[in-house]
>>> print(open('input_39.txt').read())   # compact mmCIF, C-alpha atoms
# COMPACT_ATOMS: atom_id res chain seq x y z
CA ASP A 1 14.03 10.39 11.34
CA THR A 2 14.40 9.48 7.68
CA GLY A 3 11.19 7.51 7.39
CA VAL A 4 10.79 3.78 6.84
CA SER A 5 13.97 2.11 5.65
CA GLN A 6 14.14 -1.24 3.88
CA ASN A 7 17.20 -3.30 3.02
CA PRO A 8 18.26 -4.56 0.62
CA ARG A 9 16.59 -2.61 -2.21
CA HIS A 10 17.06 -5.50 -4.61
CA LYS A 11 17.71 -9.20 -4.11
CA ILE A 12 18.27 -11.82 -6.77
CA THR A 13 18.38 -15.37 -5.50
CA LYS A 14 18.31 -18.87 -6.88
CA ARG A 15 15.24 -20.99 -6.36
CA GLY A 16 15.47 -22.94 -3.14
CA GLN A 17 17.66 -20.43 -1.31
CA ASN A 18 16.61 -18.56 1.82
CA VAL A 19 16.39 -14.77 1.88
CA THR A 20 15.90 -12.25 4.67
CA PHE A 21 14.73 -8.65 4.39
CA ARG A 22 14.94 -5.95 7.01
CA CYS A 23 12.64 -3.04 7.78
CA ASP A 24 13.38 -0.14 10.11
CA PRO A 25 10.13 1.73 10.85
CA ILE A 26 9.68 5.30 12.00
CA SER A 27 10.89 5.16 15.58
CA GLU A 28 7.71 6.38 17.30
CA HIS A 29 5.41 4.10 15.27
CA ASN A 30 4.37 1.01 17.18
CA ARG A 31 2.62 -0.69 14.26
CA LEU A 32 4.57 -2.34 11.46
CA TYR A 33 3.12 -4.00 8.37
CA TRP A 34 4.47 -6.18 5.60
CA TYR A 35 2.84 -6.14 2.18
CA ARG A 36 3.68 -7.84 -1.08
CA GLN A 37 3.10 -6.28 -4.48
CA THR A 38 3.28 -8.04 -7.82
CA LEU A 39 3.27 -6.35 -11.20
CA GLY A 40 -0.03 -4.74 -12.09
CA GLN A 41 -1.53 -5.31 -8.67
CA GLY A 42 -1.98 -3.31 -5.52
CA PRO A 43 -0.15 -4.27 -2.33
CA GLU A 44 -1.45 -7.39 -0.56
CA PHE A 45 -1.36 -7.65 3.22
CA LEU A 46 1.02 -10.25 4.65
CA THR A 47 1.30 -9.57 8.37
CA TYR A 48 1.42 -6.89 11.00
CA PHE A 49 2.99 -6.24 14.39
CA GLN A 50 1.97 -4.09 17.26
CA ASN A 51 5.21 -3.51 19.12
CA GLU A 52 6.87 -6.95 19.24
CA ALA A 53 3.65 -8.93 18.96
CA GLN A 54 2.68 -10.39 15.60
CA LEU A 55 -1.06 -9.97 15.71
CA GLU A 56 -2.22 -11.11 12.30
CA LYS A 57 -0.96 -13.18 9.40
CA SER A 58 -2.55 -13.43 5.98
CA ARG A 59 -3.22 -16.81 4.39
CA LEU A 60 -0.78 -15.58 1.75
CA LEU A 61 1.96 -16.07 4.33
CA SER A 62 2.78 -19.74 3.87
CA ASP A 63 4.88 -21.69 6.36
CA ARG A 64 7.96 -20.82 4.29
CA PHE A 65 7.54 -17.21 5.41
CA SER A 66 8.37 -15.95 8.87
CA ALA A 67 8.44 -12.45 10.25
CA GLU A 68 9.84 -11.16 13.50
CA ARG A 69 10.04 -7.88 15.30
CA PRO A 70 12.29 -8.36 18.29
CA LYS A 71 12.06 -5.60 20.89
CA GLY A 72 9.38 -3.87 18.86
CA SER A 73 11.85 -1.97 16.71
CA PHE A 74 13.08 -3.27 13.35
CA SER A 75 11.48 -6.25 11.66
CA THR A 76 12.76 -9.05 9.46
CA LEU A 77 10.89 -11.09 6.87
CA GLU A 78 12.47 -14.42 5.95
CA ILE A 79 11.47 -16.59 3.03
CA GLN A 80 12.77 -20.14 3.10
CA ARG A 81 13.18 -22.36 0.04
CA THR A 82 12.27 -19.55 -2.32
CA GLU A 83 10.11 -20.26 -5.35
CA GLN A 84 9.74 -18.29 -8.56
CA GLY A 85 6.27 -17.25 -7.45
CA ASP A 86 7.83 -15.39 -4.54
CA SER A 87 9.25 -12.83 -6.97
CA ALA A 88 7.62 -9.54 -6.00
CA MET A 89 8.16 -6.21 -4.30
CA TYR A 90 8.02 -6.60 -0.52
CA LEU A 91 6.85 -3.42 1.16
CA CYS A 92 7.11 -2.50 4.79
CA ALA A 93 5.01 0.25 6.37
CA SER A 94 4.57 1.69 9.83
CA SER A 95 1.96 3.75 11.60
CA PRO A 96 1.06 5.06 15.01
CA GLN A 97 -1.52 2.87 16.68
CA GLY A 98 -5.02 3.19 15.27
CA GLN A 99 -4.36 6.01 12.84
CA VAL A 100 -5.55 4.55 9.58
CA ARG A 101 -6.91 7.92 8.47
CA GLU A 102 -3.45 9.42 8.13
CA GLY A 103 -2.30 6.43 6.17
CA TYR A 104 0.71 4.32 6.62
CA THR A 105 4.26 5.43 5.83
CA PHE A 106 5.83 2.99 3.41
CA GLY A 107 9.43 2.19 2.73
CA SER A 108 10.78 1.96 -0.80
CA GLY A 109 10.48 -1.80 -0.77
CA THR A 110 12.74 -4.76 -1.48
CA ARG A 111 12.41 -6.20 -4.96
CA LEU A 112 12.96 -9.96 -4.91
CA THR A 113 13.73 -11.87 -8.08
CA VAL A 114 13.91 -15.65 -7.83
CA VAL A 115 15.67 -17.26 -10.78
CA ASP B 1 -12.86 -11.64 -5.12
CA GLN B 2 -11.61 -8.08 -5.60
CA GLN B 3 -13.19 -5.89 -2.97
CA VAL B 4 -11.60 -2.71 -4.33
CA LYS B 5 -11.47 -2.17 -8.07
CA GLN B 6 -9.80 0.40 -10.23
CA ASN B 7 -11.03 -0.40 -13.69
CA SER B 8 -8.80 1.97 -15.63
CA PRO B 9 -5.21 0.70 -15.81
CA SER B 10 -4.09 4.03 -17.26
CA LEU B 11 -5.27 7.58 -17.90
CA SER B 12 -3.72 10.32 -20.01
CA VAL B 13 -4.57 13.97 -19.28
CA GLN B 14 -3.35 17.25 -20.68
CA GLU B 15 -1.37 19.45 -18.29
CA GLY B 16 -3.62 22.04 -16.66
CA ARG B 17 -6.80 19.99 -17.14
CA ILE B 18 -8.67 17.94 -14.55
CA SER B 19 -7.65 14.34 -13.82
CA ILE B 20 -10.38 12.07 -12.48
CA LEU B 21 -9.44 8.67 -11.11
CA ASN B 22 -12.17 6.24 -10.18
CA CYS B 23 -12.49 3.43 -7.66
CA ASP B 24 -15.32 1.02 -6.85
CA TYR B 25 -15.72 -1.18 -3.81
CA THR B 26 -18.01 -4.01 -2.84
CA ASN B 27 -17.77 -4.26 0.94
CA SER B 28 -20.24 -1.98 2.67
CA MET B 29 -18.32 -2.44 5.95
CA PHE B 30 -15.47 -0.27 4.69
CA ASP B 31 -15.50 2.99 6.62
CA TYR B 32 -12.31 4.70 5.51
CA PHE B 33 -10.90 5.23 2.06
CA LEU B 34 -7.45 6.41 1.10
CA TRP B 35 -5.58 7.37 -2.03
CA TYR B 36 -1.89 6.70 -2.40
CA LYS B 37 0.51 7.86 -5.09
CA LYS B 38 3.46 5.77 -6.21
CA TYR B 39 6.48 6.73 -8.27
CA PRO B 40 8.69 4.03 -9.81
CA ALA B 41 11.19 2.48 -7.40
CA GLU B 42 9.51 4.11 -4.41
CA GLY B 43 6.92 2.95 -1.91
CA PRO B 44 3.36 4.33 -2.03
CA THR B 45 2.89 7.77 -0.48
CA PHE B 46 -0.31 8.72 1.30
CA LEU B 47 -2.21 11.44 -0.56
CA ILE B 48 -5.68 11.99 0.86
CA SER B 49 -8.37 10.09 2.73
CA ILE B 50 -12.08 10.26 3.44
CA SER B 51 -14.28 8.84 6.14
CA SER B 52 -17.52 7.12 5.17
CA ILE B 53 -19.48 9.76 7.10
CA LYS B 54 -18.39 12.39 4.58
CA ASP B 55 -18.95 12.73 0.86
CA LYS B 56 -16.10 15.08 0.03
CA ASN B 57 -12.64 15.92 1.30
CA GLU B 58 -10.40 18.53 -0.24
CA ASP B 59 -6.68 19.20 0.13
CA GLY B 60 -5.23 21.77 -2.22
CA ARG B 61 -5.45 20.49 -5.79
CA PHE B 62 -6.77 17.11 -4.63
CA THR B 63 -10.39 16.32 -3.85
CA VAL B 64 -11.87 12.94 -3.06
CA PHE B 65 -15.58 12.30 -3.54
CA LEU B 66 -17.43 9.39 -1.96
CA ASN B 67 -20.78 8.05 -3.16
CA LYS B 68 -21.74 5.39 -0.63
CA SER B 69 -24.94 4.34 -2.34
CA ALA B 70 -22.98 3.57 -5.50
CA LYS B 71 -19.95 2.26 -3.56
CA HIS B 72 -17.82 4.54 -5.65
CA LEU B 73 -15.13 7.09 -4.95
CA SER B 74 -13.12 9.33 -7.17
CA LEU B 75 -10.01 11.47 -6.92
CA HIS B 76 -9.96 14.78 -8.73
CA ILE B 77 -6.71 16.60 -9.42
CA VAL B 78 -7.07 20.20 -10.61
CA PRO B 79 -5.05 21.51 -12.33
CA SER B 80 -2.98 18.51 -13.35
CA GLN B 81 0.78 19.02 -13.31
CA PRO B 82 3.62 16.96 -14.84
CA GLY B 83 4.74 15.87 -11.35
CA ASP B 84 1.36 14.21 -10.88
CA SER B 85 2.37 11.49 -13.34
CA ALA B 86 2.46 8.36 -11.17
CA VAL B 87 0.44 5.28 -10.30
CA TYR B 88 -2.52 6.05 -8.03
CA PHE B 89 -3.90 3.41 -5.69
CA CYS B 90 -7.25 3.45 -3.98
CA ALA B 91 -7.40 1.61 -0.64
CA ALA B 92 -10.17 0.86 1.83
CA SER B 93 -10.27 -0.01 5.51
CA GLY B 94 -12.86 -1.54 7.76
CA SER B 95 -12.84 -1.88 11.52
CA ASN B 96 -9.35 -3.30 11.61
CA TYR B 97 -5.90 -2.11 10.66
CA GLN B 98 -5.78 -3.68 7.18
CA LEU B 99 -5.94 -1.82 3.92
CA ILE B 100 -7.49 -3.49 0.90
CA TRP B 101 -6.00 -2.08 -2.28
CA GLY B 102 -7.07 -1.63 -5.86
CA ALA B 103 -4.73 -2.54 -8.70
CA GLY B 104 -3.83 1.07 -9.43
CA THR B 105 -4.25 3.54 -12.27
CA LYS B 106 -1.25 4.94 -14.09
CA LEU B 107 -1.77 8.66 -14.64
CA ILE B 108 0.19 10.32 -17.42
CA ILE B 109 0.17 14.11 -17.64
CA LYS B 110 0.97 15.32 -21.13
CA PRO B 111 2.73 18.69 -21.53
>>> encode(input="input_39.txt", output="structure tokens")
Amino acid sequence: DTGVSQNPRHKITKRGQNVTFRCDPISEHNRLYWYRQTLGQGPEFLTYFQNEAQLEKSRLLSDRFSAERPKGSFSTLEIQRTEQGDSAMYLCASSPQGQVREGYTFGSGTRLTVV
Amino acid sequence: DQQVKQNSPSLSVQEGRISILNCDYTNSMFDYFLWYKKYPAEGPTFLISISSIKDKNEDGRFTVFLNKSAKHLSLHIVPSQPGDSAVYFCAASGSNYQLIWGAGTKLIIKP
């Protein structure tokens, strides 16, 4: 297992376009998280899945954002009608259930630039 | 309302000396605290954690101290090495799965 994998690494898109990011977690981890990080800030929680169920969504996740995790494996995060304010690093992480103390394992992120 | 604060955006330390990174929190319901390290173009990497029932946890060169009465924790790195140059994030967790993060401190180790 090579850890958490995110694709693409970079995405430049025009305002108003839709974008989709993919995250492949560590295979035995049943929890998957999406975070967003802007320059000079720590990661901000967006949403998380336990297996295929999306159990929590942050108020940061507007209705233009949707996340899925079909079959409890990989996850996708889609942003519709992108805005310049969506420019950020989108981080995916996974963990075994309940093990906050060991920390999450993060992917390298997808950097989105909306022009 | 920032529940986790890292008030020093950057810190410069001579190689071989001690690096001390600080973090303050406001929510007394937090019961687990973690430090992550982040290199450019990579995701954060878990470094060390501490439960609120402890006041110290040590792992090699890294030690985290927790002062619950002051709602303050610190990460000590001794001795500091050039590879320690990175951004360090403090994060806190309550009874759920979420981590609340500070804004990070950029540590620069000078040779």
>>> interface_residues(input="input_39.txt", of="chain A", to="chain B", cutoff="12 Å", atoms="all atoms listed in the file", output="ChimeraX atom specification")
/A:3-6,9-10,31-50,55-58,89-111
>>> closest_residue(input="input_39.txt", among="A:Asn51, A:Ser87, A:Thr113, A:Thr82", to="His29 in chain A", atoms="only C-alpha atoms")
A:Asn51
>>> atom_distance(input="input_39.txt", atom1="CA of Leu75 in chain B", atom2="CA of Thr63 in chain B")
5.8 Å
>>> atom_distance(input="input_39.txt", atom1="CA of Asp84 in chain B", atom2="CA of Lys68 in chain B")
26.8 Å
>>> atom_distance(input="input_39.txt", atom1="CA of Leu60 in chain A", atom2="CA of Lys71 in chain B")
26.7 Å
>>> residues_near_point(input="input_39.txt", point="(15.0, -8.2, 9.7)", cutoff="12 Å", atoms="only C-alpha atoms", output="VMD selection string")
chain A and resid 5 to 8 19 to 25 34 66 to 79 92 110
>>> closest_residue(input="input_39.txt", among="B:Cys23, B:Ser80, B:Asn7, B:Leu73", to="Gly60 in chain B", atoms="all atoms listed in the file")
B:Ser80
>>> closest_residue(input="input_39.txt", among="B:Phe30, B:Ala70, B:Gln81, B:Val87", to="Pro111 in chain B", atoms="only C-alpha atoms")
B:Gln81
>>> closest_residue(input="input_39.txt", among="B:Ile53, B:Ile109, B:Leu11, B:Met29", to="Gly83 in chain B", atoms="only C-alpha atoms")
B:Ile109
